[in-house]
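**Q** Before I ask anything, let me first share the structure, which is written out below as structure tokens.
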Amino acid sequence: MTNKIFLALMETQAAHWTQSRKEFQKLSLSDGQPKILYILREFNGCVQKDLADMCKIKPSTMTVLLDRLEKEGYIEKSPVFVSGGKRAKGIFLTDTGRAMADKVYFLMEELEHKSLAGFSEAEKQALFLMLERITGNLE
């Protein structure tokens, strides 16, 4: 057991990434695609800038990922109105994209269950609160 947060987080992230990546590769999804599909399942139609913010990635990286998802038939872009009557492109799941997003969602639910096996509800809540505090401290 380590007493350094960076080592503990890296070890946890690596273990989680190994499990999830193996499953995503079976679905022929690249590294950034599952997160986008997962978020669009909840926030279908959001604009690219907001999606990049939610995914914590650069807008230029988001453009590349969205172009690939669009070519694969998982998403489509349609004009939407945003605050001030401005127009932007909303990102929408296609039927194929919705089916893939559902697969990603259920895979992540299984991994969540596996990751937190044996934790009480109080321990889960404490873990998430501590992780939020770490994030807040670093931001």
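Chain labels follow the order of the structure tokens: the first chain is A, the next B, and so on; residue numbering restarts at 1 in every chain, and ligands are counted from 1 in their shown order.
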Using DSSP secondary structure from the backbone, list all helix (DSSP H, G or I) positions within chain A, as a PyMOL selection string.
**A** chain A and resi 5-26+33-42+48-55+59-71+83-85+95-115+121-138
**Q** Excluding A:Ala99 and residues on its chain fewer than 3 positions from it, collect all residues at most 12 Å away from it, counting only C-alpha atoms, and give them as number ranges by chain.
**A** A: 27, 37-38, 40-41, 73-75, 93-96, 102-106
**Q** Could you give me, as a list in words, the residues within 12 Å of A:Ser30, counting only C-alpha atoms and dropping anything in the same chain fewer than 3 positions from it?
**A**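 Counting only the stated atoms, we get Ser20, Arg21, Lys22, Glu23, Phe24, Gln25, Lys26, Leu27, Gln33, Pro34, Lys35, Ile36, Leu37, Val64, Leu65, Leu66, Arg68, Leu69 and Glu72 of chain A.
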**Q** Would you export the selected residues with N, CA and C atoms as a PDB file, in the first residue's frame, please?
**A**
```pdb
ATOM      1  N   SER A  20     -11.660  -1.362 -18.726  1.00  0.00           N
ATOM      2  CA  SER A  20     -12.591  -0.712 -19.647  1.00  0.00           C
ATOM      3  C   SER A  20     -12.073  -0.745 -21.080  1.00  0.00           C
ATOM      4  N   ARG A  21     -10.791  -0.529 -21.273  1.00  0.00           N
ATOM      5  CA  ARG A  21     -10.226  -0.493 -22.629  1.00  0.00           C
ATOM      6  C   ARG A  21     -10.399  -1.838 -23.330  1.00  0.00           C
ATOM      7  N   LYS A  22     -10.210  -2.909 -22.590  1.00  0.00           N
ATOM      8  CA  LYS A  22     -10.386  -4.249 -23.156  1.00  0.00           C
ATOM      9  C   LYS A  22     -11.804  -4.407 -23.714  1.00  0.00           C
ATOM     10  N   GLU A  23     -12.785  -3.938 -22.972  1.00  0.00           N
ATOM     11  CA  GLU A  23     -14.181  -4.046 -23.417  1.00  0.00           C
ATOM     12  C   GLU A  23     -14.481  -3.093 -24.573  1.00  0.00           C
ATOM     13  N   PHE A  24     -13.945  -1.888 -24.530  1.00  0.00           N
ATOM     14  CA  PHE A  24     -14.190  -0.928 -25.600  1.00  0.00           C
ATOM     15  C   PHE A  24     -13.547  -1.368 -26.911  1.00  0.00           C
ATOM     16  N   GLN A  25     -12.396  -2.020 -26.833  1.00  0.00           N
ATOM     17  CA  GLN A  25     -11.762  -2.528 -28.042  1.00  0.00           C
ATOM     18  C   GLN A  25     -12.623  -3.593 -28.703  1.00  0.00           C
ATOM     19  N   LYS A  26     -13.325  -4.393 -27.906  1.00  0.00           N
ATOM     20  CA  LYS A  26     -14.251  -5.394 -28.458  1.00  0.00           C
ATOM     21  C   LYS A  26     -15.363  -4.722 -29.261  1.00  0.00           C
ATOM     22  N   LEU A  27     -15.697  -3.487 -28.894  1.00  0.00           N
ATOM     23  CA  LEU A  27     -16.727  -2.721 -29.590  1.00  0.00           C
ATOM     24  C   LEU A  27     -16.147  -1.867 -30.719  1.00  0.00           C
ATOM     25  N   GLN A  33     -13.828   7.847 -27.620  1.00  0.00           N
ATOM     26  CA  GLN A  33     -15.219   7.719 -28.038  1.00  0.00           C
ATOM     27  C   GLN A  33     -16.186   7.292 -26.928  1.00  0.00           C
ATOM     28  N   PRO A  34     -15.832   6.343 -26.063  1.00  0.00           N
ATOM     29  CA  PRO A  34     -16.807   5.901 -25.055  1.00  0.00           C
ATOM     30  C   PRO A  34     -17.310   7.032 -24.148  1.00  0.00           C
ATOM     31  N   LYS A  35     -16.408   7.904 -23.739  1.00  0.00           N
ATOM     32  CA  LYS A  35     -16.805   9.005 -22.858  1.00  0.00           C
ATOM     33  C   LYS A  35     -17.834   9.908 -23.538  1.00  0.00           C
ATOM     34  N   ILE A  36     -17.607  10.196 -24.810  1.00  0.00           N
ATOM     35  CA  ILE A  36     -18.533  11.056 -25.555  1.00  0.00           C
ATOM     36  C   ILE A  36     -19.891  10.378 -25.689  1.00  0.00           C
ATOM     37  N   LEU A  37     -19.881   9.108 -26.068  1.00  0.00           N
ATOM     38  CA  LEU A  37     -21.141   8.377 -26.211  1.00  0.00           C
ATOM     39  C   LEU A  37     -21.892   8.302 -24.883  1.00  0.00           C
ATOM     40  N   VAL A  64     -11.899  16.338 -33.656  1.00  0.00           N
ATOM     41  CA  VAL A  64     -11.375  15.114 -34.272  1.00  0.00           C
ATOM     42  C   VAL A  64     -12.222  13.908 -33.864  1.00  0.00           C
ATOM     43  N   LEU A  65     -12.523  13.794 -32.582  1.00  0.00           N
ATOM     44  CA  LEU A  65     -13.322  12.665 -32.095  1.00  0.00           C
ATOM     45  C   LEU A  65     -14.731  12.677 -32.683  1.00  0.00           C
ATOM     46  N   LEU A  66     -15.341  13.852 -32.768  1.00  0.00           N
ATOM     47  CA  LEU A  66     -16.694  13.942 -33.315  1.00  0.00           C
ATOM     48  C   LEU A  66     -16.715  13.624 -34.807  1.00  0.00           C
ATOM     49  N   ARG A  68     -14.810  11.565 -36.337  1.00  0.00           N
ATOM     50  CA  ARG A  68     -14.705  10.105 -36.443  1.00  0.00           C
ATOM     51  C   ARG A  68     -16.041   9.441 -36.087  1.00  0.00           C
ATOM     52  N   LEU A  69     -16.680   9.919 -35.012  1.00  0.00           N
ATOM     53  CA  LEU A  69     -17.981   9.359 -34.626  1.00  0.00           C
ATOM     54  C   LEU A  69     -19.036   9.595 -35.704  1.00  0.00           C
ATOM     55  N   GLU A  72     -18.498   7.196 -38.568  1.00  0.00           N
ATOM     56  CA  GLU A  72     -18.900   5.850 -38.194  1.00  0.00           C
ATOM     57  C   GLU A  72     -20.413   5.713 -38.015  1.00  0.00           C
TER      58      GLU A  72
END
```
**Q** What separation in Å, quoted to one decimal, exists between atom CA of A:Arg98 and atom CA of A:Phe128?
**A**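 Answer for the atom CA of A:Arg98 to atom CA of A:Phe128 separation: 28.1 Å.
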**Q** Extract, using only C-alpha atoms, all DNA, RNA and protein residues at most 12 Å from stretch 9-15 of chain A, discarding same-chain residues fewer than 5 positions from it, and format them as an NGL selection string.
**A** :A and (1-4 or 20-22 or 111 or 114-116 or 131 or 134-135)
**Q** Limited to N, CA, C and O atoms, could you put the picked residues into a file as a tab-separated table (two decimals), in the first residue's frame?
**A**
```
chain	number	residue	atom	x	y	z
A	1	MET	N	0.86	-1.19	0.00
A	1	MET	CA	0.00	0.00	0.00
A	1	MET	C	0.89	1.24	0.00
A	1	MET	O	1.86	1.32	0.73
A	2	THR	N	0.52	2.18	-0.81
A	2	THR	CA	1.30	3.41	-0.94
A	2	THR	C	0.69	4.53	-0.08
A	2	THR	O	-0.50	4.50	0.20
A	3	ASN	N	1.52	5.47	0.28
A	3	ASN	CA	0.99	6.60	1.05
A	3	ASN	C	1.11	7.90	0.25
A	3	ASN	O	1.11	8.97	0.83
A	4	LYS	N	1.21	7.80	-1.06
A	4	LYS	CA	1.26	8.96	-1.94
A	4	LYS	C	0.03	8.94	-2.85
A	4	LYS	O	-0.23	7.96	-3.53
A	20	SER	N	-11.66	-1.36	-18.73
A	20	SER	CA	-12.59	-0.71	-19.65
A	20	SER	C	-12.07	-0.74	-21.08
A	20	SER	O	-12.84	-1.01	-22.01
A	21	ARG	N	-10.79	-0.53	-21.27
A	21	ARG	CA	-10.23	-0.49	-22.63
A	21	ARG	C	-10.40	-1.84	-23.33
A	21	ARG	O	-10.70	-1.89	-24.52
A	22	LYS	N	-10.21	-2.91	-22.59
A	22	LYS	CA	-10.39	-4.25	-23.16
A	22	LYS	C	-11.80	-4.41	-23.71
A	22	LYS	O	-11.99	-4.92	-24.82
A	111	LEU	N	-18.62	-2.26	-14.57
A	111	LEU	CA	-17.31	-1.94	-14.02
A	111	LEU	C	-17.43	-1.15	-12.71
A	111	LEU	O	-16.66	-1.35	-11.77
A	114	LYS	N	-18.29	-3.67	-10.07
A	114	LYS	CA	-17.09	-4.45	-9.75
A	114	LYS	C	-16.10	-3.62	-8.92
A	114	LYS	O	-15.52	-4.11	-7.95
A	115	SER	N	-15.91	-2.36	-9.31
A	115	SER	CA	-14.96	-1.48	-8.62
A	115	SER	C	-15.35	-1.23	-7.17
A	115	SER	O	-14.48	-1.12	-6.30
A	116	LEU	N	-16.63	-1.12	-6.92
A	116	LEU	CA	-17.10	-0.74	-5.58
A	116	LEU	C	-17.66	-1.92	-4.79
A	116	LEU	O	-18.30	-1.73	-3.76
A	131	LEU	N	-12.71	12.41	-3.35
A	131	LEU	CA	-12.21	12.64	-4.71
A	131	LEU	C	-12.61	14.03	-5.20
A	131	LEU	O	-11.81	14.71	-5.86
A	134	ILE	N	-10.28	16.52	-3.60
A	134	ILE	CA	-8.96	16.51	-4.26
A	134	ILE	C	-9.04	17.31	-5.53
A	134	ILE	O	-8.17	18.16	-5.80
A	135	THR	N	-10.06	17.06	-6.34
A	135	THR	CA	-10.23	17.79	-7.60
A	135	THR	C	-10.33	19.29	-7.33
A	135	THR	O	-9.67	20.09	-7.99
```
**Q** Could you give me, as a list in words, each residue of stretch 42-134 of chain A that DSSP assigns to strand (DSSP E or B) when run on this structure's backbone?
**A** Val47, Ile75, Glu76, Lys77, Ser78, Pro79, Val80, Phe81, Arg87, Ala88, Lys89, Gly90, Ile91, Phe92 and Leu93 of chain A
**Q** Kindly indicate which residue among A:Ile91, A:Met108, A:Leu138, A:Ala52 lies nearest to A:Glu70, using only C-alpha atoms for the distances.
**A**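 With only C-alpha atoms as the atom set, the closest residue is A:Ile91.
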**Q** Select, from A:Gly85, A:Gly97, A:Gly136, A:Pro79, the residue with the minimum atom-to-atom distance to A:Cys46, counting only C-alpha atoms.
**A**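 Going through A:Gly85, A:Gly97, A:Gly136, A:Pro79 one by one, the smallest distance to A:Cys46 is for A:Pro79.
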**Q** Kindly give the distance, in Å, that separates atom CA of A:Ser120 and atom CA of A:Leu7, rounded to a single decimal.
**A** 24.3 Å
**Q** Just how far from atom CA of A:Glu112 is atom CA of A:Gln48, in Å to one decimal?
**A** 27.0 Å
